[in-house]
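A.B. asks: There's a structure below that I have some questions on.
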Amino acid sequence: MLCKKELCVGCGACAASCETGAVRMERNEMGFLYPHLDKALCVGCGACERACPGLSMPERDRADGKIVASWSMDLSLREKSSSGGIFSLLAEKAISEHGRVFGAAFTDAFAVKHIYVRDRDGLSKLQGSKYAQSDVGATYAECREALSHKERVLFSGTPCQIAGLYKYLGGDDPNLLTVDLLCHGAASPGLWRYYLDLLEKKYGSKVQKVTFKSKKTGWHCASLEVTFRNGKKYRRTKDTDPFMRAFLKNYTLRASCYDCRFAGSERQGDITLGDFWGYRAGASPYKDDDRGISFVMLNTEKGERFFGAVRGRTVSVPQRLEDALPGNLCLKKGVPKPPDHMDFWSTLGNDGFDAARKKYRRPDKRFILNRLLWTPLGIAIRRLLKKA
Ligand SMILES: Cc1cc2nc3c(=O)[nH]c(=O)nc-3n(C[C@H](O)[C@H](O)[C@H](O)COP(=O)(O)OP(=O)(O)OC[C@H]3O[C@@H](n4cnc5c(N)ncnc54)[C@H](O)[C@@H]3O)c2cc1C
Ligand code: SF4
Ligand code: SF4
Ligand code: SF4
């Protein structure tokens with residue numbers, strides 16, 4: 001028996017473990033992947049159950065979980081990254097050890113899929129958050145194959161994908177370094193495609209490039225930026241773009257993301273990365289410059305050692321968990337399902353995205369305040385208040 005549907009994270013560890021091909025991953029009406037069992041091919045070996053993170057969590061040896069606010073000293077690398085660019089520094093280190101780096105990339109059709117890269121040129125495909133749920137595809141098996149050759153592997157993803165990997169592998173490996181993200185949820189891949197179709201129609205051209213979190217409008221007020229083949233550009237901040245608004249208001253997440261069992265401070269990865277929204281410079285001279293600050297949590301000794309090797313290329317300021325909690329509630333618990341969640345989907349299904357957008361487009365007070373705080377005037381006023 002595979003896990004209940006509402007606990008299934010779509011990691012595909014069950015399908016990857018089944019040697020008879022009895023489990024196939026198929027997309028539901030929202031584009032999320034779920035396993036389908038062909039009973040005629042099943043020999044009852046139980047491998048799929050043993051690999052399922054929806055049935056039981058992997059066992060991990062965790063250290064104290066030291067926390068730092070950190071960012072890369074390389075400004076251009078930080079610009080291309082969603083937070084402080086720490087993922088790229090870790091990935092470059094793994095590549096310098098002739099390793100493979102696994103993470104989420106866009107396909108040619110701008111769906112999101114896990115791949116691996118071996119060089120710095122390939123790394124750009126993995127940089128930056130893509131907020132539609134990524135398809136793990138064949139990467140668990142590719143990771144196992146690399147480890148069997150004693151290659152260095154860095155595997156990055158959402159906590160549920162990292163849990164699925166450990167369950168699939170049946171434990172840890174000295175050459176494996178995992179990076180999980182602070183994750184409040186992953187958006188519907190079907191809705192993402194539908195939204196891109198709408199934009200392509202409106203702009204009369206196919207999409208050429210997508211940046212989910214462009215910092216041209218600042219890190220605190222980041223924008224979804226879409227470039228079309230005809231040279232036109234769409235850019236809207238996260239609180240005015242309808243796809244990002246619906247995502248950040250938790251309307252478009254996978255069922256398992258609500259009250260997510262992988263939320264909290266006991267993490268799946270050796271290293272956890274996120275946005276350090278609650279960063280306070282305190283006595284340190286390093287202020288928030290609105291270019292992106294990473295939340296970094298070192299969950300295992302292996303994670304501490306690996307981050308230690310790149311720390312010299314960062315600005316890193318030690319922080320406490322309490323400082324990170326207000327800006328990152330997923331360090332405490334998963335997000336609840338909005339009470340009008342079904343209303344959103346039925347408006348969308350019956351009347352289209354425009355109708356759903358009109359219903360949910362009005363920025364709430366928190367977004368308005370956040371935007372005002374990070375305008376040049378807002379920054380100047382805050383500086384004056386601090387001096388007073
Ligand atoms: C779906 C999702 C939800 C998130 N929610 C939060 C949140 O609530 N709070 C918070 O603080 N941070 C969240 N993050 C993490 C944050 O956006 C950054 O990805 C993280 O801080 C790493 O930033 P970076 O600058 O070090 O590297 P970047 O270069 O920005 O990050 C690249 C890394 O993100 C991974 N990645 C990108 N898209 C996906 C995807 N769809 N699925 C799996 N892995 C992916 C890549 O594999 C790579 O490891 C979320 C990320 C994703 C993908
Ligand atoms: S029990 Fe074995 S054969 Fe049956 S679906 Fe699971 S892994 Fe495949
Ligand atoms: S292994 Fe992953 S995809 Fe398969 S049932 Fe469990 S959670 Fe779902
Ligand atoms: S919220 Fe939980 S279930 Fe959803 S993608 Fe993130 S870790 Fe996976």
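Scheme for the structure tokens: letters A, B, ... for chains in order shown; per-chain residue numbers from 1; ligand numbers from 1 in order shown.
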Quick one: residues within 7 Å of ligand 3, with only C-alpha atoms and all ligand atoms, as a ChimeraX atom specification?
C.D. replies: /A:2-3,7-15,34-35,48,51-55,164
A.B. asks: Hey, what's within 7 Å of segment 114-118 of chain A if we count only C-alpha atoms and toss same-chain stuff fewer than 2 positions away? As an mmCIF file with N, CA and C atoms, in the first residue's frame, please?
C.D. replies:
```cif
data_model
loop_
_atom_site.group_PDB
_atom_site.id
_atom_site.type_symbol
_atom_site.label_atom_id
_atom_site.label_comp_id
_atom_site.auth_asym_id
_atom_site.auth_seq_id
_atom_site.Cartn_x
_atom_site.Cartn_y
_atom_site.Cartn_z
ATOM 1 N N ILE A 95 31.544 20.810 -7.698
ATOM 2 C CA ILE A 95 32.054 20.667 -9.074
ATOM 3 C C ILE A 95 33.590 20.633 -9.066
ATOM 4 N N GLY A 99 32.461 16.487 -8.900
ATOM 5 C CA GLY A 99 31.190 15.877 -8.511
ATOM 6 C C GLY A 99 30.043 16.242 -9.435
ATOM 7 N N ARG A 100 28.862 15.683 -9.090
ATOM 8 C CA ARG A 100 27.632 16.023 -9.823
ATOM 9 C C ARG A 100 26.747 16.851 -8.894
ATOM 10 N N VAL A 101 26.116 17.875 -9.459
ATOM 11 C CA VAL A 101 25.205 18.710 -8.680
ATOM 12 C C VAL A 101 23.797 18.538 -9.234
ATOM 13 N N PHE A 102 22.887 18.086 -8.366
ATOM 14 C CA PHE A 102 21.491 17.855 -8.768
ATOM 15 C C PHE A 102 20.619 18.997 -8.265
ATOM 16 N N GLY A 103 19.694 19.435 -9.117
ATOM 17 C CA GLY A 103 18.762 20.486 -8.697
ATOM 18 C C GLY A 103 17.719 20.726 -9.770
ATOM 19 N N ALA A 104 16.877 21.740 -9.541
ATOM 20 C CA ALA A 104 15.734 21.995 -10.427
ATOM 21 C C ALA A 104 16.099 22.977 -11.537
ATOM 22 N N ALA A 105 15.703 22.619 -12.776
ATOM 23 C CA ALA A 105 15.993 23.457 -13.948
ATOM 24 C C ALA A 105 14.717 23.586 -14.782
ATOM 25 N N GLY A 122 26.891 24.700 -16.712
ATOM 26 C CA GLY A 122 25.612 24.036 -16.445
ATOM 27 C C GLY A 122 24.929 24.564 -15.190
ATOM 28 N N LEU A 123 25.738 25.049 -14.266
ATOM 29 C CA LEU A 123 25.215 25.495 -12.969
ATOM 30 C C LEU A 123 24.145 26.581 -13.104
ATOM 31 N N SER A 134 8.898 20.734 -8.888
ATOM 32 C CA SER A 134 9.851 20.097 -9.809
ATOM 33 C C SER A 134 9.606 18.588 -9.870
ATOM 34 N N ASP A 135 9.749 18.036 -11.075
ATOM 35 C CA ASP A 135 9.650 16.587 -11.295
ATOM 36 C C ASP A 135 11.040 15.976 -11.072
ATOM 37 N N VAL A 136 11.139 15.087 -10.084
ATOM 38 C CA VAL A 136 12.441 14.492 -9.740
ATOM 39 C C VAL A 136 12.978 13.613 -10.883
ATOM 40 N N GLY A 137 12.065 13.089 -11.702
ATOM 41 C CA GLY A 137 12.458 12.309 -12.881
ATOM 42 C C GLY A 137 13.368 11.140 -12.527
ATOM 43 N N THR A 139 16.448 11.337 -11.408
ATOM 44 C CA THR A 139 17.652 11.782 -10.692
ATOM 45 C C THR A 139 17.996 10.935 -9.456
#
```
A.B. asks: How would you report the residues lying within 6 Å of ligand 2, as a PyMOL selection string, if you count only C-alpha atoms and all ligand atoms?
C.D. replies: chain A and resi 17-18+20+22-23+42-48
A.B. asks: Pick out the residues no farther than 7 Å from ligand 4, counting only C-alpha atoms and all ligand atoms, and list them as JSON, numbers by chain.
C.D. replies: {"A": [9, 133, 158, 159, 160, 161, 183, 184, 185, 186, 254, 256, 257, 258, 260, 261, 262, 263, 334]}
A.B. asks: Return as a PyMOL selection string every polymer residue, whether protein, DNA or RNA, with at least one atom no more than 7 Å from an atom of ligand 1; count only C-alpha atoms and all ligand atoms.
C.D. replies: chain A and resi 78+80-88+102-105+112+126-134+156-158+179+181-187+273-276+294-295+328+330
A.B. asks: Would you list, as an NGL selection string, the residues of segment 22-173 of chain A that end up in helix (DSSP H, G or I) under DSSP run on this structure's backbone?
C.D. replies: :A and (39-41 or 47-50 or 75-80 or 86-96 or 120-126 or 139-148 or 159-169)
A.B. asks: Limited to N, CA and C atoms, could you put the picked residues into a file as a compact mmCIF listing (two decimals), in the first residue's frame?
C.D. replies:
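Wrote it out as result.txt, contents follow:
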```
# COMPACT_ATOMS: atom_id res chain seq x y z
N LYS A 39 -1.60 -3.40 -10.73
CA LYS A 39 -1.57 -4.57 -9.84
C LYS A 39 -1.09 -5.83 -10.56
N ALA A 40 -1.35 -5.89 -11.86
CA ALA A 40 -0.96 -7.09 -12.62
C ALA A 40 0.57 -7.26 -12.63
N LEU A 41 1.31 -6.13 -12.50
CA LEU A 41 2.78 -6.21 -12.56
C LEU A 41 3.43 -6.32 -11.17
N ALA A 47 9.24 -2.96 -1.86
CA ALA A 47 10.30 -1.95 -2.03
C ALA A 47 9.72 -0.53 -2.10
N CYS A 48 8.57 -0.38 -2.74
CA CYS A 48 7.96 0.95 -2.88
C CYS A 48 7.57 1.51 -1.51
N GLU A 49 7.04 0.66 -0.63
CA GLU A 49 6.63 1.11 0.71
C GLU A 49 7.85 1.54 1.52
N ARG A 50 8.92 0.75 1.42
CA ARG A 50 10.13 1.09 2.20
C ARG A 50 10.72 2.42 1.75
N LEU A 75 29.09 39.70 -6.32
CA LEU A 75 27.80 40.39 -6.53
C LEU A 75 27.00 39.84 -7.70
N SER A 76 27.71 39.47 -8.80
CA SER A 76 26.97 39.02 -9.99
C SER A 76 26.33 37.65 -9.71
N LEU A 77 27.02 36.82 -8.95
CA LEU A 77 26.45 35.51 -8.58
C LEU A 77 25.23 35.71 -7.68
N ARG A 78 25.33 36.67 -6.78
CA ARG A 78 24.21 36.95 -5.86
C ARG A 78 23.00 37.47 -6.63
N GLU A 79 23.28 38.27 -7.66
CA GLU A 79 22.21 38.84 -8.50
C GLU A 79 21.40 37.74 -9.18
N LYS A 80 22.10 36.66 -9.62
CA LYS A 80 21.44 35.57 -10.35
C LYS A 80 20.70 34.61 -9.41
N ILE A 86 24.21 31.30 -1.78
CA ILE A 86 25.03 30.28 -1.10
C ILE A 86 24.96 28.93 -1.83
N PHE A 87 23.80 28.62 -2.43
CA PHE A 87 23.70 27.36 -3.18
C PHE A 87 24.82 27.29 -4.22
N SER A 88 25.03 28.38 -4.98
CA SER A 88 26.03 28.35 -6.06
C SER A 88 27.44 28.11 -5.51
N LEU A 89 27.75 28.68 -4.36
CA LEU A 89 29.09 28.48 -3.78
C LEU A 89 29.28 27.01 -3.40
N LEU A 90 28.24 26.42 -2.82
CA LEU A 90 28.33 24.99 -2.44
C LEU A 90 28.45 24.13 -3.69
N ALA A 91 27.67 24.49 -4.72
CA ALA A 91 27.70 23.72 -5.97
C ALA A 91 29.06 23.84 -6.64
N GLU A 92 29.64 25.03 -6.65
CA GLU A 92 30.98 25.20 -7.26
C GLU A 92 32.01 24.34 -6.54
N LYS A 93 31.86 24.25 -5.22
CA LYS A 93 32.81 23.41 -4.46
C LYS A 93 32.66 21.93 -4.88
N ALA A 94 31.40 21.47 -5.00
CA ALA A 94 31.18 20.07 -5.40
C ALA A 94 31.73 19.83 -6.81
N ILE A 95 31.54 20.81 -7.70
CA ILE A 95 32.05 20.67 -9.07
C ILE A 95 33.59 20.63 -9.07
N SER A 96 34.20 21.44 -8.19
CA SER A 96 35.68 21.46 -8.13
C SER A 96 36.22 20.10 -7.64
N ARG A 120 30.61 24.48 -14.39
CA ARG A 120 30.12 25.81 -13.99
C ARG A 120 29.11 26.36 -15.00
N ASP A 121 29.28 26.05 -16.30
CA ASP A 121 28.32 26.56 -17.31
C ASP A 121 26.93 25.98 -17.04
N GLY A 122 26.89 24.70 -16.71
CA GLY A 122 25.61 24.04 -16.45
C GLY A 122 24.93 24.56 -15.19
N LEU A 123 25.74 25.05 -14.27
CA LEU A 123 25.22 25.50 -12.97
C LEU A 123 24.15 26.58 -13.10
N SER A 124 24.27 27.42 -14.13
CA SER A 124 23.31 28.53 -14.29
C SER A 124 21.87 27.99 -14.46
N LYS A 125 21.75 26.75 -14.97
CA LYS A 125 20.40 26.17 -15.14
C LYS A 125 19.73 25.94 -13.78
N LEU A 126 20.54 25.68 -12.76
CA LEU A 126 19.98 25.36 -11.44
C LEU A 126 19.77 26.61 -10.58
N THR A 139 16.45 11.34 -11.41
CA THR A 139 17.65 11.78 -10.69
C THR A 139 18.00 10.94 -9.46
N TYR A 140 17.00 10.30 -8.81
CA TYR A 140 17.35 9.45 -7.66
C TYR A 140 18.25 8.30 -8.13
N ALA A 141 17.86 7.70 -9.25
CA ALA A 141 18.66 6.57 -9.77
C ALA A 141 20.04 7.06 -10.23
N GLU A 142 20.07 8.26 -10.85
CA GLU A 142 21.37 8.81 -11.30
C GLU A 142 22.27 9.12 -10.11
N CYS A 143 21.66 9.57 -9.02
CA CYS A 143 22.42 9.87 -7.80
C CYS A 143 23.02 8.57 -7.24
N ARG A 144 22.19 7.52 -7.18
CA ARG A 144 22.69 6.22 -6.67
C ARG A 144 23.86 5.72 -7.54
N GLU A 145 23.71 5.89 -8.84
CA GLU A 145 24.77 5.42 -9.75
C GLU A 145 26.07 6.19 -9.50
N ALA A 146 25.96 7.53 -9.33
CA ALA A 146 27.16 8.35 -9.08
C ALA A 146 27.82 7.93 -7.77
N LEU A 147 27.01 7.69 -6.74
CA LEU A 147 27.57 7.29 -5.43
C LEU A 147 28.24 5.92 -5.51
N SER A 148 27.68 5.05 -6.37
CA SER A 148 28.29 3.72 -6.49
C SER A 148 29.69 3.81 -7.11
N PRO A 159 12.48 19.85 1.06
CA PRO A 159 12.73 18.82 2.10
C PRO A 159 12.10 17.47 1.77
N CYS A 160 10.90 17.48 1.17
CA CYS A 160 10.25 16.19 0.87
C CYS A 160 11.04 15.43 -0.21
N GLN A 161 11.67 16.17 -1.13
CA GLN A 161 12.47 15.50 -2.17
C GLN A 161 13.75 14.91 -1.56
N ILE A 162 14.31 15.61 -0.58
CA ILE A 162 15.52 15.09 0.08
C ILE A 162 15.14 13.86 0.92
N ALA A 163 13.98 13.93 1.59
CA ALA A 163 13.53 12.77 2.38
C ALA A 163 13.32 11.57 1.45
N GLY A 164 12.71 11.81 0.30
CA GLY A 164 12.48 10.73 -0.68
C GLY A 164 13.80 10.13 -1.14
N LEU A 165 14.81 10.98 -1.32
CA LEU A 165 16.12 10.49 -1.78
C LEU A 165 16.73 9.54 -0.73
N TYR A 166 16.74 9.98 0.55
CA TYR A 166 17.33 9.13 1.60
C TYR A 166 16.57 7.80 1.73
N LYS A 167 15.24 7.88 1.61
CA LYS A 167 14.44 6.64 1.71
C LYS A 167 14.76 5.72 0.53
N TYR A 168 14.89 6.31 -0.65
CA TYR A 168 15.21 5.52 -1.85
C TYR A 168 16.59 4.86 -1.72
N LEU A 169 17.58 5.66 -1.21
CA LEU A 169 18.94 5.12 -1.08
C LEU A 169 19.05 4.13 0.08
```
A.B. asks: Measuring between only C-alpha atoms, which one of A:Thr347, A:Ser265, A:Ser188, A:Ser284 shows the shortest distance to Asp64 of chain A?
C.D. replies: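 Answer, going by the shortest atom-to-atom distance: A:Ser265.
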A.B. asks: Within 12 Å of Pro339 of chain A, counting only C-alpha atoms, which residues qualify if same-chain residues fewer than 6 places away don't, as a ChimeraX atom specification?
C.D. replies: /A:249-251,258
A.B. asks: Between A:Phe110, A:Val210, A:Arg357, A:Pro318, which has the minimum distance to Phe344 of chain A (counting only C-alpha atoms)?
C.D. replies: A:Arg357
A.B. asks: Among the residues of segment 179-311 of chain A, find those DSSP assigns to strand (DSSP E) from the backbone and print them as a PDB file with N, CA and C atoms, in the first residue's frame.
C.D. replies:
```
ATOM      1  N   VAL A 179      21.160  19.431   0.280  1.00  0.00           N
ATOM      2  CA  VAL A 179      20.753  20.804   0.609  1.00  0.00           C
ATOM      3  C   VAL A 179      19.241  20.865   0.470  1.00  0.00           C
ATOM      4  N   ASP A 180      18.547  21.120   1.578  1.00  0.00           N
ATOM      5  CA  ASP A 180      17.098  21.307   1.464  1.00  0.00           C
ATOM      6  C   ASP A 180      16.761  22.787   1.616  1.00  0.00           C
ATOM      7  N   LEU A 181      15.619  23.177   1.053  1.00  0.00           N
ATOM      8  CA  LEU A 181      15.221  24.590   1.065  1.00  0.00           C
ATOM      9  C   LEU A 181      14.157  24.803   2.131  1.00  0.00           C
ATOM     10  N   VAL A 207       7.646  32.179 -24.879  1.00  0.00           N
ATOM     11  CA  VAL A 207       8.549  32.602 -23.800  1.00  0.00           C
ATOM     12  C   VAL A 207       9.987  32.204 -24.127  1.00  0.00           C
ATOM     13  N   GLN A 208      10.909  33.104 -23.814  1.00  0.00           N
ATOM     14  CA  GLN A 208      12.333  32.801 -24.046  1.00  0.00           C
ATOM     15  C   GLN A 208      13.075  32.592 -22.723  1.00  0.00           C
ATOM     16  N   LYS A 209      12.652  33.343 -21.700  1.00  0.00           N
ATOM     17  CA  LYS A 209      13.364  33.265 -20.409  1.00  0.00           C
ATOM     18  C   LYS A 209      12.409  33.612 -19.266  1.00  0.00           C
ATOM     19  N   VAL A 210      12.571  32.913 -18.152  1.00  0.00           N
ATOM     20  CA  VAL A 210      11.756  33.222 -16.964  1.00  0.00           C
ATOM     21  C   VAL A 210      12.682  33.401 -15.764  1.00  0.00           C
ATOM     22  N   THR A 211      12.475  34.467 -15.001  1.00  0.00           N
ATOM     23  CA  THR A 211      13.140  34.617 -13.706  1.00  0.00           C
ATOM     24  C   THR A 211      12.034  34.808 -12.677  1.00  0.00           C
ATOM     25  N   PHE A 212      11.868  33.818 -11.809  1.00  0.00           N
ATOM     26  CA  PHE A 212      10.777  33.897 -10.826  1.00  0.00           C
ATOM     27  C   PHE A 212      11.035  35.006  -9.811  1.00  0.00           C
ATOM     28  N   LYS A 213      12.320  35.214  -9.507  1.00  0.00           N
ATOM     29  CA  LYS A 213      12.604  36.169  -8.433  1.00  0.00           C
ATOM     30  C   LYS A 213      13.685  37.133  -8.903  1.00  0.00           C
ATOM     31  N   SER A 214      13.291  38.032  -9.820  1.00  0.00           N
ATOM     32  CA  SER A 214      14.247  39.031 -10.306  1.00  0.00           C
ATOM     33  C   SER A 214      14.415  40.104  -9.231  1.00  0.00           C
ATOM     34  N   SER A 223      10.499  40.443  -8.354  1.00  0.00           N
ATOM     35  CA  SER A 223       9.493  40.376  -9.425  1.00  0.00           C
ATOM     36  C   SER A 223       9.585  39.083 -10.209  1.00  0.00           C
ATOM     37  N   LEU A 224       8.444  38.691 -10.768  1.00  0.00           N
ATOM     38  CA  LEU A 224       8.435  37.637 -11.791  1.00  0.00           C
ATOM     39  C   LEU A 224       8.724  38.334 -13.124  1.00  0.00           C
ATOM     40  N   GLU A 225       9.766  37.867 -13.821  1.00  0.00           N
ATOM     41  CA  GLU A 225      10.153  38.509 -15.086  1.00  0.00           C
ATOM     42  C   GLU A 225      10.119  37.473 -16.207  1.00  0.00           C
ATOM     43  N   VAL A 226       9.367  37.763 -17.256  1.00  0.00           N
ATOM     44  CA  VAL A 226       9.273  36.842 -18.396  1.00  0.00           C
ATOM     45  C   VAL A 226       9.693  37.598 -19.654  1.00  0.00           C
ATOM     46  N   THR A 227      10.671  37.043 -20.381  1.00  0.00           N
ATOM     47  CA  THR A 227      11.118  37.645 -21.638  1.00  0.00           C
ATOM     48  C   THR A 227      10.589  36.788 -22.784  1.00  0.00           C
ATOM     49  N   PHE A 228      10.057  37.454 -23.825  1.00  0.00           N
ATOM     50  CA  PHE A 228       9.478  36.736 -24.967  1.00  0.00           C
ATOM     51  C   PHE A 228      10.445  36.778 -26.157  1.00  0.00           C
ATOM     52  N   LYS A 233       8.901  42.219 -22.838  1.00  0.00           N
ATOM     53  CA  LYS A 233       9.197  41.778 -21.473  1.00  0.00           C
ATOM     54  C   LYS A 233       8.001  42.007 -20.558  1.00  0.00           C
ATOM     55  N   TYR A 234       7.738  41.053 -19.670  1.00  0.00           N
ATOM     56  CA  TYR A 234       6.708  41.211 -18.649  1.00  0.00           C
ATOM     57  C   TYR A 234       7.418  41.214 -17.308  1.00  0.00           C
ATOM     58  N   ARG A 235       7.146  42.215 -16.461  1.00  0.00           N
ATOM     59  CA  ARG A 235       7.717  42.190 -15.114  1.00  0.00           C
ATOM     60  C   ARG A 235       6.707  42.757 -14.116  1.00  0.00           C
ATOM     61  N   ARG A 236       6.371  41.957 -13.122  1.00  0.00           N
ATOM     62  CA  ARG A 236       5.464  42.405 -12.053  1.00  0.00           C
ATOM     63  C   ARG A 236       6.005  41.925 -10.717  1.00  0.00           C
ATOM     64  N   THR A 237       5.879  42.751  -9.685  1.00  0.00           N
ATOM     65  CA  THR A 237       6.391  42.351  -8.366  1.00  0.00           C
ATOM     66  C   THR A 237       5.562  41.191  -7.815  1.00  0.00           C
ATOM     67  N   ILE A 271      22.438  20.683   4.899  1.00  0.00           N
ATOM     68  CA  ILE A 271      22.411  22.152   4.993  1.00  0.00           C
ATOM     69  C   ILE A 271      21.028  22.606   4.543  1.00  0.00           C
ATOM     70  N   THR A 272      20.444  23.549   5.267  1.00  0.00           N
ATOM     71  CA  THR A 272      19.165  24.147   4.848  1.00  0.00           C
ATOM     72  C   THR A 272      19.423  25.578   4.379  1.00  0.00           C
ATOM     73  N   LEU A 273      18.824  25.915   3.230  1.00  0.00           N
ATOM     74  CA  LEU A 273      18.941  27.289   2.712  1.00  0.00           C
ATOM     75  C   LEU A 273      17.570  27.922   2.587  1.00  0.00           C
ATOM     76  N   GLY A 274      17.517  29.219   2.798  1.00  0.00           N
ATOM     77  CA  GLY A 274      16.269  29.961   2.604  1.00  0.00           C
ATOM     78  C   GLY A 274      16.561  31.444   2.511  1.00  0.00           C
ATOM     79  N   ASP A 275      15.528  32.249   2.589  1.00  0.00           N
ATOM     80  CA  ASP A 275      15.688  33.703   2.629  1.00  0.00           C
ATOM     81  C   ASP A 275      15.725  34.116   4.096  1.00  0.00           C
ATOM     82  N   SER A 294      20.916  34.910   2.551  1.00  0.00           N
ATOM     83  CA  SER A 294      20.518  33.508   2.740  1.00  0.00           C
ATOM     84  C   SER A 294      20.403  33.170   4.214  1.00  0.00           C
ATOM     85  N   PHE A 295      19.360  32.419   4.528  1.00  0.00           N
ATOM     86  CA  PHE A 295      19.275  31.726   5.815  1.00  0.00           C
ATOM     87  C   PHE A 295      20.061  30.433   5.610  1.00  0.00           C
ATOM     88  N   VAL A 296      21.056  30.172   6.454  1.00  0.00           N
ATOM     89  CA  VAL A 296      21.841  28.929   6.330  1.00  0.00           C
ATOM     90  C   VAL A 296      21.798  28.193   7.672  1.00  0.00           C
ATOM     91  N   MET A 297      21.345  26.954   7.642  1.00  0.00           N
ATOM     92  CA  MET A 297      21.312  26.155   8.872  1.00  0.00           C
ATOM     93  C   MET A 297      22.150  24.907   8.627  1.00  0.00           C
ATOM     94  N   LEU A 298      23.105  24.658   9.530  1.00  0.00           N
ATOM     95  CA  LEU A 298      24.036  23.544   9.357  1.00  0.00           C
ATOM     96  C   LEU A 298      23.550  22.393  10.234  1.00  0.00           C
TER      97      LEU A 298
END
```
A.B. asks: Considering only C-alpha atoms, return as a PyMOL selection string whatever protein or nucleic-acid residues lie within 12 Å of Ala281 of chain A, sequence-local ones (same chain, fewer than 5 positions apart) excluded.
C.D. replies: chain A and resi 68-70+276+286-289+293+315-319+323
A.B. asks: Select, from A:Arg27, A:Lys302, A:His98, A:His341, the residue with the minimum atom-to-atom distance to Phe247 of chain A, counting only C-alpha atoms.
C.D. replies: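 Nearest candidate to Phe247 of chain A out of A:Arg27, A:Lys302, A:His98, A:His341: A:His341.
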A.B. asks: Give me, as an NGL selection string, all polymer residues having an atom no more than 8 Å from Tyr203 of chain A, counting only C-alpha atoms and skipping those fewer than 3 positions away in the same chain.
C.D. replies: :A and (199-200 or 228 or 232)
